[in-house]
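K.L.:
One file is attached below, protein_12.cif, containing mmCIF, C-alpha atoms and all ligand atoms.
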```cif
data_entry
loop_
_atom_site.label_atom_id
_atom_site.label_comp_id
_atom_site.auth_asym_id
_atom_site.auth_seq_id
_atom_site.Cartn_x
_atom_site.Cartn_y
_atom_site.Cartn_z
CA MET A 1 -22.76 -8.52 -4.01
CA LYS A 2 -20.30 -10.82 -5.69
CA CYS A 3 -17.69 -12.62 -3.60
CA THR A 4 -14.09 -11.43 -3.94
CA PRO A 5 -12.40 -13.22 -6.89
CA LEU A 6 -9.48 -13.83 -4.52
CA GLU A 7 -11.47 -16.63 -2.85
CA PRO A 8 -11.74 -19.07 -5.80
CA TRP A 9 -8.20 -18.13 -6.83
CA ILE A 10 -6.81 -18.99 -3.40
CA ALA A 11 -8.91 -22.19 -3.25
CA ARG A 12 -7.29 -23.21 -6.54
CA LYS A 13 -3.81 -22.36 -5.32
CA ILE A 14 -4.17 -24.50 -2.20
CA GLY A 15 -5.59 -27.45 -4.14
CA ARG A 16 -9.23 -27.04 -3.01
CA ALA A 17 -10.72 -25.80 -6.27
CA ASN A 18 -13.79 -28.01 -6.06
CA SER A 19 -14.89 -27.36 -2.48
CA PRO A 20 -15.76 -24.19 -0.56
CA LEU A 21 -12.68 -22.49 0.92
CA THR A 22 -12.41 -23.05 4.68
CA ARG A 23 -10.05 -21.41 7.17
CA ALA A 24 -8.91 -24.88 8.29
CA ASP A 25 -7.81 -25.87 4.76
CA LEU A 26 -6.15 -22.50 4.19
CA GLU A 27 -4.29 -22.58 7.50
CA ALA A 28 -3.09 -26.15 6.92
CA TYR A 29 -1.67 -24.98 3.57
CA GLN A 30 -0.12 -21.90 5.17
CA LEU A 31 1.58 -24.04 7.84
CA GLN A 32 3.04 -26.37 5.24
CA LYS A 33 4.32 -23.45 3.12
CA LEU A 34 5.67 -21.71 6.21
CA ARG A 35 7.74 -24.76 7.09
CA VAL A 36 9.12 -24.92 3.53
CA THR A 37 9.99 -21.20 3.65
CA ILE A 38 11.74 -21.45 7.02
CA ASP A 39 13.66 -24.50 5.82
CA LEU A 40 14.72 -22.70 2.63
CA ALA A 41 15.77 -19.57 4.54
CA ARG A 42 17.79 -21.59 7.07
CA LYS A 43 19.60 -23.55 4.38
CA LYS A 44 20.26 -20.83 1.81
CA SER A 45 20.29 -17.39 3.47
CA PRO A 46 23.30 -16.53 5.68
CA PHE A 47 21.19 -13.88 7.42
CA TYR A 48 18.38 -16.25 8.36
CA ARG A 49 20.78 -19.08 9.28
CA GLN A 50 22.04 -16.78 12.00
CA ARG A 51 18.74 -15.06 12.84
CA LEU A 52 16.82 -18.33 13.21
CA ASP A 53 19.58 -20.03 15.19
CA GLY A 54 17.91 -21.34 18.34
CA ALA A 55 14.37 -20.79 17.02
CA PRO A 56 12.03 -23.82 17.02
CA SER A 57 13.03 -26.07 14.11
CA ASP A 58 9.70 -27.63 13.24
CA LEU A 59 6.39 -25.83 13.69
CA SER A 60 3.43 -28.06 14.51
CA ARG A 61 0.89 -25.24 14.27
CA LEU A 62 0.65 -21.76 12.81
CA ALA A 63 0.66 -20.11 16.22
CA GLY A 64 4.25 -21.37 16.60
CA LEU A 65 5.19 -18.57 14.20
CA THR A 66 5.11 -16.16 17.14
CA HIS A 67 8.24 -17.83 18.56
CA LEU A 68 10.26 -16.77 15.52
CA PRO A 69 12.19 -13.47 15.49
CA PHE A 70 11.08 -10.51 13.37
CA THR A 71 12.77 -9.17 10.24
CA THR A 72 13.02 -5.38 10.09
CA ALA A 73 13.53 -2.75 7.40
CA ASP A 74 17.03 -2.15 8.84
CA ASP A 75 17.84 -5.84 8.31
CA ILE A 76 17.11 -5.36 4.60
CA ARG A 77 19.06 -2.08 4.49
CA ASN A 78 22.12 -3.44 6.25
CA GLU A 79 22.99 -6.53 4.24
CA PRO A 80 20.33 -7.30 1.64
CA LEU A 81 22.44 -9.88 -0.19
CA GLN A 82 22.67 -11.94 3.01
CA LEU A 83 18.91 -12.52 2.79
CA LEU A 84 19.08 -14.04 -0.69
CA CYS A 85 18.25 -17.73 -1.08
CA VAL A 86 19.37 -17.99 -4.71
CA SER A 87 22.51 -16.90 -6.56
CA GLN A 88 22.35 -13.42 -8.07
CA ASP A 89 22.25 -15.04 -11.53
CA HIS A 90 18.69 -16.10 -10.76
CA ILE A 91 17.54 -12.61 -9.78
CA GLN A 92 15.50 -10.92 -12.49
CA ARG A 93 14.53 -7.68 -10.79
CA VAL A 94 16.18 -5.56 -8.09
CA VAL A 95 14.19 -2.70 -6.55
CA THR A 96 16.03 -0.01 -4.63
CA LEU A 97 13.87 2.04 -2.28
CA ASP A 98 14.63 5.53 -0.99
CA SER A 99 16.09 5.69 2.46
CA SER A 100 13.91 6.75 5.34
CA GLY A 101 15.78 4.80 7.99
CA THR A 102 18.51 5.59 10.45
CA THR A 103 21.43 3.91 8.70
CA GLY A 104 21.38 6.02 5.54
CA SER A 105 21.67 2.97 3.29
CA ARG A 106 18.80 2.10 1.00
CA LYS A 107 16.57 -0.96 0.99
CA ARG A 108 17.13 -3.40 -1.86
CA LEU A 109 14.60 -6.10 -2.71
CA TYR A 110 15.42 -9.01 -5.03
CA PHE A 111 12.95 -11.03 -7.10
CA THR A 112 13.32 -14.10 -9.32
CA GLN A 113 11.24 -14.59 -12.45
CA ASP A 114 8.96 -16.94 -10.50
CA ASP A 115 8.57 -14.33 -7.74
CA GLN A 116 7.45 -11.79 -10.34
CA GLU A 117 5.07 -14.30 -11.88
CA LEU A 118 3.35 -14.56 -8.46
CA THR A 119 2.82 -10.79 -8.52
CA ILE A 120 1.39 -10.83 -12.05
CA ASP A 121 -0.95 -13.66 -11.05
CA PHE A 122 -2.21 -11.63 -8.08
CA PHE A 123 -2.58 -8.44 -10.15
CA CYS A 124 -4.62 -10.42 -12.67
CA VAL A 125 -7.12 -11.75 -10.12
CA GLY A 126 -7.11 -8.51 -8.08
CA MET A 127 -7.92 -6.40 -11.14
CA SER A 128 -10.75 -8.78 -12.08
CA THR A 129 -12.58 -7.30 -9.05
CA LEU A 130 -13.03 -4.05 -10.97
CA THR A 131 -12.14 -4.80 -14.60
CA ASN A 132 -13.60 -7.01 -17.33
CA ALA A 133 -12.24 -8.31 -20.60
CA GLY A 134 -12.44 -5.56 -23.23
CA ASP A 135 -11.98 -2.69 -20.76
CA ARG A 136 -9.41 0.01 -21.47
CA VAL A 137 -7.29 0.63 -18.38
CA LEU A 138 -5.12 3.72 -17.91
CA ILE A 139 -2.11 3.05 -15.65
CA LEU A 140 -0.83 6.20 -13.92
CA LEU A 141 2.09 4.39 -12.26
CA PRO A 142 5.71 3.93 -13.40
CA GLY A 143 5.70 1.25 -16.09
CA GLN A 144 8.55 1.75 -18.52
CA THR A 145 11.11 -0.48 -16.76
CA PRO A 146 10.56 -4.24 -17.22
CA GLY A 147 9.33 -5.64 -13.91
CA SER A 148 8.11 -2.26 -12.61
CA VAL A 149 4.65 -2.04 -11.06
CA GLY A 150 3.04 -0.57 -14.19
CA ASP A 151 4.74 -3.12 -16.42
CA LEU A 152 3.59 -6.14 -14.35
CA LEU A 153 0.10 -4.65 -14.12
CA ALA A 154 -0.06 -4.25 -17.90
CA ILE A 155 0.96 -7.90 -18.38
CA ALA A 156 -1.72 -8.97 -15.88
CA LEU A 157 -4.40 -6.88 -17.65
CA GLY A 158 -3.43 -8.45 -20.97
CA ARG A 159 -4.13 -11.87 -19.48
CA LEU A 160 -7.55 -10.62 -18.37
CA GLY A 161 -8.31 -9.57 -21.95
CA ALA A 162 -8.25 -5.87 -21.03
CA THR A 163 -6.20 -3.22 -22.84
CA ALA A 164 -3.54 -1.51 -20.71
CA ILE A 165 -2.50 2.05 -21.52
CA LYS A 166 0.80 2.75 -19.73
CA HIS A 167 1.12 6.47 -19.03
CA GLY A 168 3.20 6.86 -15.86
CA PRO A 169 2.59 9.18 -12.88
CA VAL A 170 0.55 12.35 -13.47
CA SER A 171 2.56 15.50 -14.06
CA ASP A 172 0.13 17.39 -16.33
CA PRO A 173 -3.49 16.79 -15.15
CA VAL A 174 -5.05 18.50 -18.19
CA ALA A 175 -3.14 16.25 -20.60
CA VAL A 176 -4.21 13.13 -18.68
CA LEU A 177 -7.87 14.20 -18.65
CA ASP A 178 -7.63 14.69 -22.40
CA LEU A 179 -6.09 11.22 -22.76
CA ILE A 180 -8.94 9.64 -20.74
CA CYS A 181 -11.43 10.97 -23.30
CA ARG A 182 -9.34 10.38 -26.39
CA GLU A 183 -8.52 6.76 -25.45
CA ASN A 184 -12.05 5.94 -24.22
CA VAL A 185 -10.67 4.85 -20.86
CA ASP A 186 -12.94 2.71 -18.61
CA VAL A 187 -10.69 2.15 -15.59
CA VAL A 188 -7.90 4.25 -14.05
CA VAL A 189 -5.18 3.06 -11.65
CA GLY A 190 -3.15 5.71 -9.84
CA VAL A 191 -1.91 7.43 -6.69
CA PRO A 192 -4.67 9.04 -4.56
CA ALA A 193 -3.19 12.57 -4.67
CA HIS A 194 -2.76 12.32 -8.46
CA LEU A 195 -6.34 11.16 -8.96
CA LEU A 196 -7.61 13.97 -6.76
CA ALA A 197 -5.63 16.48 -8.84
CA LEU A 198 -7.35 15.11 -11.95
CA ALA A 199 -10.78 15.22 -10.31
CA ARG A 200 -10.40 18.77 -9.08
CA GLN A 201 -9.06 19.89 -12.47
CA GLN A 202 -12.04 18.31 -14.21
CA VAL A 203 -14.36 21.29 -14.54
CA GLN A 204 -17.22 19.30 -15.96
CA SER A 205 -17.54 15.57 -16.13
CA VAL A 206 -17.01 14.53 -19.73
CA ARG A 207 -16.46 10.83 -19.42
CA LYS A 208 -17.84 8.40 -16.86
CA LEU A 209 -15.43 5.73 -15.66
CA LYS A 210 -16.40 2.23 -14.58
CA SER A 211 -13.92 2.03 -11.74
CA VAL A 212 -10.77 3.47 -10.21
CA LEU A 213 -8.06 1.72 -8.21
CA PHE A 214 -5.99 3.67 -5.68
CA ALA A 215 -2.44 2.41 -5.27
CA THR A 216 0.81 3.10 -3.39
CA ASP A 217 -0.46 5.55 -0.75
CA TYR A 218 -3.21 5.87 1.83
CA VAL A 219 -6.50 7.26 0.65
CA CYS A 220 -8.84 9.39 2.78
CA ASP A 221 -12.62 9.44 2.40
CA ALA A 222 -12.56 12.97 0.93
CA ILE A 223 -10.39 11.82 -1.99
CA ARG A 224 -12.42 8.64 -2.48
CA ASP A 225 -15.73 10.55 -2.48
CA THR A 226 -14.43 13.25 -4.83
CA VAL A 227 -13.11 10.68 -7.30
CA GLN A 228 -16.32 8.62 -7.21
CA ASN A 229 -18.53 11.67 -7.68
CA THR A 230 -16.43 13.17 -10.45
CA TRP A 231 -16.41 10.10 -12.67
CA GLN A 232 -19.59 8.42 -11.33
CA CYS A 233 -17.52 5.30 -10.66
CA MET A 234 -16.69 2.77 -7.95
CA ALA A 235 -13.31 3.42 -6.30
CA PHE A 236 -11.31 0.54 -4.80
CA ASP A 237 -8.25 0.58 -2.60
CA HIS A 238 -5.21 -1.64 -2.96
CA TYR A 239 -2.70 -2.46 -0.22
CA GLY A 240 0.84 -3.40 -1.01
CA MET A 241 4.51 -2.58 -0.77
CA THR A 242 7.60 -3.66 -2.65
CA GLU A 243 8.54 -6.00 0.20
CA MET A 244 5.25 -7.90 -0.32
CA GLY A 245 6.07 -8.31 -4.00
CA LEU A 246 4.15 -5.06 -4.72
CA GLY A 247 0.69 -6.54 -4.19
CA GLY A 248 -0.72 -7.41 -0.76
CA GLY A 249 -4.48 -7.20 -0.99
CA VAL A 250 -7.41 -5.47 -2.61
CA GLU A 251 -10.93 -4.45 -1.63
CA CYS A 252 -13.99 -6.42 -2.75
CA ASP A 253 -17.32 -4.87 -3.76
CA ALA A 254 -18.06 -4.22 -0.05
CA ARG A 255 -15.05 -1.85 0.01
CA ARG A 256 -14.54 -1.91 3.75
CA GLY A 257 -10.93 -3.18 3.73
CA TYR A 258 -8.61 -5.52 1.90
CA HIS A 259 -8.80 -9.24 1.27
CA LEU A 260 -5.25 -10.49 1.21
CA ARG A 261 -3.12 -12.85 -0.86
CA GLU A 262 -3.37 -15.41 1.91
CA ALA A 263 -1.87 -18.25 -0.14
CA ASP A 264 1.28 -16.19 -0.79
CA LEU A 265 1.53 -14.06 2.34
CA LEU A 266 0.79 -14.83 5.97
CA PHE A 267 -0.32 -11.71 7.84
CA GLU A 268 -0.23 -11.03 11.59
CA ILE A 269 -1.05 -8.02 13.74
CA VAL A 270 1.36 -7.53 16.65
CA ASP A 271 1.55 -5.24 19.66
CA LEU A 272 3.66 -2.17 18.84
CA ALA A 273 5.69 -2.33 22.04
CA SER A 274 5.89 -6.00 23.01
CA GLY A 275 5.60 -7.62 19.59
CA ALA A 276 3.02 -10.07 21.01
CA ALA A 277 0.39 -11.43 18.61
CA LEU A 278 -2.94 -9.58 18.84
CA PRO A 279 -6.43 -11.01 18.26
CA ASP A 280 -8.67 -9.94 15.37
CA GLY A 281 -10.15 -6.52 16.05
CA ALA A 282 -7.14 -5.08 17.88
CA TYR A 283 -4.92 -2.44 16.28
CA GLY A 284 -1.21 -3.10 16.00
CA GLU A 285 1.63 -3.36 13.50
CA VAL A 286 1.03 -5.26 10.28
CA VAL A 287 3.60 -8.08 9.98
CA PHE A 288 3.83 -10.57 7.12
CA THR A 289 5.73 -13.69 6.10
CA THR A 290 6.19 -14.70 2.46
CA LEU A 291 5.01 -18.26 1.79
CA THR A 292 5.89 -18.75 -1.88
CA ARG A 293 8.86 -16.46 -2.65
CA HIS A 294 12.22 -17.99 -3.53
CA GLY A 295 14.66 -15.13 -4.20
CA MET A 296 14.42 -13.22 -0.94
CA PRO A 297 11.81 -14.69 1.39
CA LEU A 298 10.91 -12.53 4.38
CA ILE A 299 9.96 -14.03 7.73
CA ARG A 300 7.82 -11.91 10.09
CA TYR A 301 8.65 -8.65 8.33
CA ARG A 302 7.56 -5.58 10.32
CA THR A 303 5.89 -3.23 7.84
CA GLY A 304 5.66 -0.15 10.09
CA ASP A 305 1.98 0.13 9.08
CA ILE A 306 -0.75 0.24 11.73
CA GLY A 307 -3.82 -1.87 11.07
CA ARG A 308 -6.30 -4.44 12.32
CA PHE A 309 -8.36 -7.33 11.07
CA ILE A 310 -12.08 -6.53 11.02
CA PRO A 311 -13.77 -9.27 13.09
CA GLY A 312 -16.63 -11.23 11.54
CA VAL A 313 -17.54 -12.13 7.99
CA CYS A 314 -17.29 -9.67 5.07
CA PRO A 315 -20.65 -8.89 3.39
CA CYS A 316 -19.20 -10.46 0.20
CA GLY A 317 -19.32 -13.81 2.02
CA THR A 318 -15.69 -14.84 1.71
CA SER A 319 -13.89 -16.85 4.36
CA LEU A 320 -10.79 -14.74 3.74
CA LYS A 321 -9.89 -12.20 6.41
CA THR A 322 -10.47 -8.46 5.95
CA LEU A 323 -7.67 -6.06 6.84
CA GLU A 324 -9.14 -2.66 7.63
CA ARG A 325 -7.90 0.14 5.35
CA VAL A 326 -4.44 1.05 6.57
CA ALA A 327 -4.37 4.74 7.43
CA GLY A 328 -1.07 5.34 9.12
CA ARG A 329 2.47 4.41 9.94
CA ILE A 330 4.02 3.97 13.37
CA ASN A 331 6.48 6.81 12.83
CA GLY A 332 3.92 8.98 11.00
CA ARG A 333 2.42 10.54 14.15
CA VAL A 334 4.33 13.66 15.19
CA PRO A 335 3.85 15.71 18.37
CA VAL A 336 2.60 19.20 17.49
CA GLY A 337 1.85 21.85 20.13
CA ASN A 338 -0.38 20.16 22.70
CA ASP A 339 -1.47 17.33 20.38
CA THR A 340 -0.18 14.89 17.78
CA LEU A 341 -0.81 14.94 14.05
CA THR A 342 -0.49 12.62 11.05
CA ILE A 343 -0.58 13.35 7.34
CA ALA A 344 -3.83 11.33 7.27
CA ASP A 345 -5.35 13.85 9.76
CA LEU A 346 -4.33 16.70 7.47
CA ASP A 347 -5.64 14.87 4.37
CA ARG A 348 -9.04 14.43 6.02
CA ALA A 349 -9.21 18.10 7.00
CA LEU A 350 -7.77 19.77 3.89
CA PHE A 351 -9.01 17.54 1.07
CA ALA A 352 -12.54 17.85 2.49
CA ILE A 353 -12.35 21.50 1.40
CA GLY A 354 -13.54 21.45 -2.19
CA ASP A 355 -10.99 23.86 -3.67
CA VAL A 356 -7.87 22.19 -2.31
CA MET A 357 -6.04 20.37 -5.08
CA ASN A 358 -2.81 19.48 -3.27
CA PHE A 359 -0.82 20.54 -0.23
CA SER A 360 2.45 19.97 1.56
CA ALA A 361 3.03 20.27 5.31
CA SER A 362 6.12 21.00 7.38
CA LEU A 363 6.82 21.87 10.99
CA ILE A 364 9.24 24.52 12.21
CA ARG A 365 10.04 25.93 15.66
CA GLU A 366 9.66 29.69 16.02
CA ASN A 367 9.59 31.88 19.15
CA GLN A 368 9.52 28.75 21.33
CA ARG A 369 6.36 27.56 19.59
CA ASP A 370 5.58 24.92 16.99
CA CYS A 371 4.51 26.35 13.65
CA LEU A 372 2.70 24.25 11.04
CA CYS A 373 3.51 25.54 7.55
CA LEU A 374 1.02 24.53 4.87
CA GLU A 375 1.66 25.15 1.19
CA VAL A 376 -1.66 24.78 -0.57
CA GLN A 377 -2.48 24.54 -4.27
CA LEU A 378 -6.03 25.51 -5.20
CA ALA A 379 -8.31 24.63 -8.07
CA SER A 380 -9.98 28.04 -7.77
CA GLU A 381 -9.28 31.68 -6.93
CA ASN A 382 -10.94 31.47 -3.52
CA ALA A 383 -7.72 31.91 -1.53
CA ALA A 384 -9.22 33.96 1.29
CA THR A 385 -12.21 31.66 1.85
CA VAL A 386 -10.09 28.52 1.72
CA SER A 387 -7.50 29.94 4.12
CA ARG A 388 -10.30 30.68 6.60
CA SER A 389 -11.70 27.15 6.25
CA ILE A 390 -8.26 25.62 6.77
CA ALA A 391 -7.62 27.77 9.86
CA GLN A 392 -10.98 26.68 11.34
CA SER A 393 -10.29 22.98 10.72
CA MET A 394 -6.80 23.20 12.16
CA ALA A 395 -7.98 25.05 15.27
CA ALA A 396 -10.43 22.22 15.92
CA MET A 397 -7.69 19.63 15.45
CA CYS A 398 -4.72 20.90 17.46
CA SER A 399 -3.90 23.61 19.96
CA GLY A 400 -0.71 25.35 21.03
CA VAL A 401 0.53 25.59 17.46
CA ASP A 402 0.89 28.52 15.06
CA LEU A 403 -0.31 28.15 11.50
CA ARG A 404 1.20 29.59 8.34
CA ILE A 405 -0.73 29.07 5.10
CA SER A 406 0.86 29.89 1.73
CA ILE A 407 -1.21 29.58 -1.42
CA VAL A 408 1.11 28.40 -4.20
CA ASN A 409 0.62 27.93 -7.93
CA SER A 410 1.69 24.32 -8.05
CA ILE A 411 3.01 21.49 -5.93
CA PRO A 412 4.75 18.77 -7.94
CA LEU A 413 2.95 15.42 -7.86
CA THR A 414 5.42 12.73 -6.79
CA MET A 415 5.32 8.98 -6.26
CA ALA A 416 6.69 9.34 -2.73
CA LYS A 417 4.33 8.72 0.18
CA ARG A 418 3.22 12.05 1.57
CA VAL A 419 4.50 12.92 5.07
CA ILE A 420 4.65 15.87 7.46
CA VAL A 421 8.23 17.15 7.10
CA ASP A 422 9.64 17.94 10.55
CA ARG A 423 12.18 20.79 10.34
CA ARG A 424 12.23 21.54 14.08
CA SER A 425 15.72 21.34 15.56
CA ARG A 426 15.79 19.25 18.69
ZN ZN B 1 -15.34 -8.98 0.89
#
```
Do you think you could lay out the structure here as structure tokens?

P.N.:
Amino acid sequence: MKCTPLEPWIARKIGRANSPLTRADLEAYQLQKLRVTIDLARKKSPFYRQRLDGAPSDLSRLAGLTHLPFTTADDIRNEPLQLLCVSQDHIQRVVTLDSSGTTGSRKRLYFTQDDQELTIDFFCVGMSTLTNAGDRVLILLPGQTPGSVGDLLAIALGRLGATAIKHGPVSDPVAVLDLICRENVDVVVGVPAHLLALARQQVQSVRKLKSVLFATDYVCDAIRDTVQNTWQCMAFDHYGMTEMGLGGGVECDARRGYHLREADLLFEIVDLASGAALPDGAYGEVVFTTLTRHGMPLIRYRTGDIGRFIPGVCPCGTSLKTLERVAGRINGRVPVGNDTLTIADLDRALFAIGDVMNFSASLIRENQRDCLCLEVQLASENAATVSRSIAQSMAAMCSGVDLRISIVNSIPLTMAKRVIVDRRSR
């Protein structure tokens, strides 16, 4: 098994290109970059000048990070311009994210040209895990706007010597399957639900792929297995969010979790309630600090994702850490009947049923009982059999809840992260 290409890349970035990467060297680099970032934020960002007031001024070791306050999604929503460390003239790309918070305002993230270059550099090395020069790569992510994820990915693939085919998100699975054949595609990058829709639409396998990369949403084993079996390929998972500069980490050949951009981002896992740092192996909230960003650095940003570092060494042999596949968000677990449920639970149960192409889930309150409403799109005509299978799975998963299953002709594929929509009045 080859070592993750992130290791030599990070060794180069920290000035240790000619010696094996050690945690001690990496952490010394991270501490130095952390100090520079805190200094920059204190001097240039009105928000951080205030937020870091009274915090330790000079860290002597990385663990000192835990004495610094967190940055939250609401901080970015409330006054994003106050976080900037450069004038707006130096901002090349602004990303506005849909609101899911309490304030109603939307998150805005600002990136300089250099910040975007860091993302392209990571995409280039990350894609080299699963792509070679000469490969034809179909990008099923938004890519028309300069600086968008698909656009930066295409630039990165060009540097690798691969050919990028920018398509955009899947809306017509049949047309995309046709494109895969016509364009002799080797590698596909897309959203898990979109790739599953393609796989389930694919009646017979007509073209093998070399690899597939899942991006932007969590992926369950049922989707991964279906995609791998359909195209006889290796499927890899990527972890990232706009706040990280799109890219955060990517799986190696071992595919048991992500190796992270540890020269650009410093990751921590903290206790959900107390915010205290947790040791490797323990589950908590994923928190990161940017180490190399200039436009809008983020210090101890709480992602809302739940995760853990897998203890021990990855089979690929790297000294980089491995973040277990993230499978849920703190606010993604909703009480239902006598139990709780996440969209990941539903993905595991429903996508394991071979005919299910897509579904949406919502909760209503009826006759003093919770009712889970599932709209399900099928790849076959087996509505009665599938409905029975779904009812059996759901009965095993939660009690004290009614179930309403509607078989529908189509559910639009979106770029939004899938959630259980809670329509119960409280
Ligand atoms: Zn590895």

K.L.:
Neighbours of ligand ZN 1 (chain B) at 8 Å or closer, counting only C-alpha atoms and all ligand atoms: which residues, as a VMD selection string?

P.N.:
chain A and resid 3 to 4 251 to 259 314 to 318 320 322

K.L.:
Set the distance at 12 Å and use all atoms listed in the file: which residues neighbour Ser387 of chain A once local chain neighbours fewer than 6 positions away are removed? I'd like the list as JSON, numbers by chain.

P.N.:
{"A": [350, 353, 355, 356, 374, 375, 376, 377, 378, 381, 393, 394, 403, 404, 405, 406, 407]}

K.L.:
Report the distance between atom CA of Cys124 of chain A and atom CA of Ser148 of chain A in Å, rounded to one decimal place.

P.N.:
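We find that atom CA of Cys124 of chain A and atom CA of Ser148 of chain A lie 15.1 Å from each other.
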
K.L.:
Between A:Cys220, A:Ala235, A:Leu213, A:Cys373, which one has atoms that come closest to Ala327 of chain A, using only C-alpha atoms?

P.N.:
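Of A:Cys220, A:Ala235, A:Leu213, A:Cys373, the one nearest Ala327 of chain A, counting only C-alpha atoms, is A:Cys220.
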
K.L.:
Which residues are close to Lys13 of chain A, i.e. within 10 Å by all atoms listed in the file, leaving aside same-chain residues fewer than 5 positions away? Reply as number ranges by chain.

P.N.:
A: 7-8, 26, 29, 263-264

K.L.:
Here is a test: counting all atoms listed in the file, which residue of A:Val313, A:Gln82, A:Leu31, A:Arg16 is nearest to Phe47 of chain A?

P.N.:
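Once distances to Phe47 of chain A are computed over all atoms listed in the file, the minimum belongs to A:Gln82.
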
K.L.:
Find the spatial neighbours of segment 331-333 of chain A, counting only C-alpha atoms, within a cut-off of 9 Å - ignore same-chain residues fewer than 2 positions away - and output them as a list in words.

P.N.:
Gly304, Asp305, Gly328, Arg329, Pro335, Thr340, Leu341, Thr342, Ile343, Ala344, Val419 and Ile420 of chain A

K.L.:
Compare A:Arg42, A:His194, A:Arg106, A:Arg51 by their minimum atom-to-atom distance to Arg418 of chain A, counting all atoms listed in the file, and give me the closest one.

P.N.:
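Ranked by minimum distance to Arg418 of chain A, first place goes to A:His194.
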
K.L.:
Rounded to one decimal in Å, what is the spacing between atom CA of Leu372 of chain A and atom CA of Ile306 of chain A?

P.N.:
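Straight-line distance from atom CA of Leu372 of chain A to atom CA of Ile306 of chain A works out to 24.3 Å.
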
K.L.:
List as a count of residues only the protein and nucleic acid residues near Gly281 of chain A, meaning an atom at most 10 Å away when all atoms listed in the file are counted, but skip any in the same chain fewer than 6 places from it.

P.N.:
9

K.L.:
For a cutoff of 12 Å around the file-coordinate point (19.1, -19.5, 1.0), which residues qualify once you count all atoms listed in the file? I'd like the result as a count of residues only.

P.N.:
29

K.L.:
Which value, in Å to one decimal, gives the distance between atom CA of Arg207 of chain A and atom CA of Asn132 of chain A?

P.N.:
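Rounded to one decimal, the two atoms are 18.2 Å apart.
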
K.L.:
Excluding Met244 of chain A and its own-chain neighbours fewer than 6 positions away, which residues fall within 12 Å of it when counting all atoms listed in the file? Please give them as number ranges by chain.

P.N.:
A: 109-111, 115-116, 118-119, 122, 260-262, 264-267, 286-293, 296-303

K.L.:
Which residue gives the smallest distance to Tyr239 of chain A among A:Arg23, A:Lys33, A:Arg423, A:Arg325, with all atoms listed in the file counted?

P.N.:
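The shortest atom-to-atom distance to Tyr239 of chain A comes from A:Arg325.
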
K.L.:
List every protein, DNA or RNA residue that has at least one atom no more than 10 Å from (8.2, -0.5, 19.7) in the file's coordinates, counting only C-alpha atoms, and write the result as a list in words.

P.N.:
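Checked against the point, the hits come out as Asp271, Leu272, Ala273, Ser274, Gly275, Glu285, Gly304 and Ile330 of chain A.
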
K.L.:
Looking at all atoms listed in the file, which of A:Val94, A:Val189, A:Val386, A:Ile155 is the one that sits closest to Ala352 of chain A?

P.N.:
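Closest to Ala352 of chain A, using all atoms listed in the file: A:Val386.
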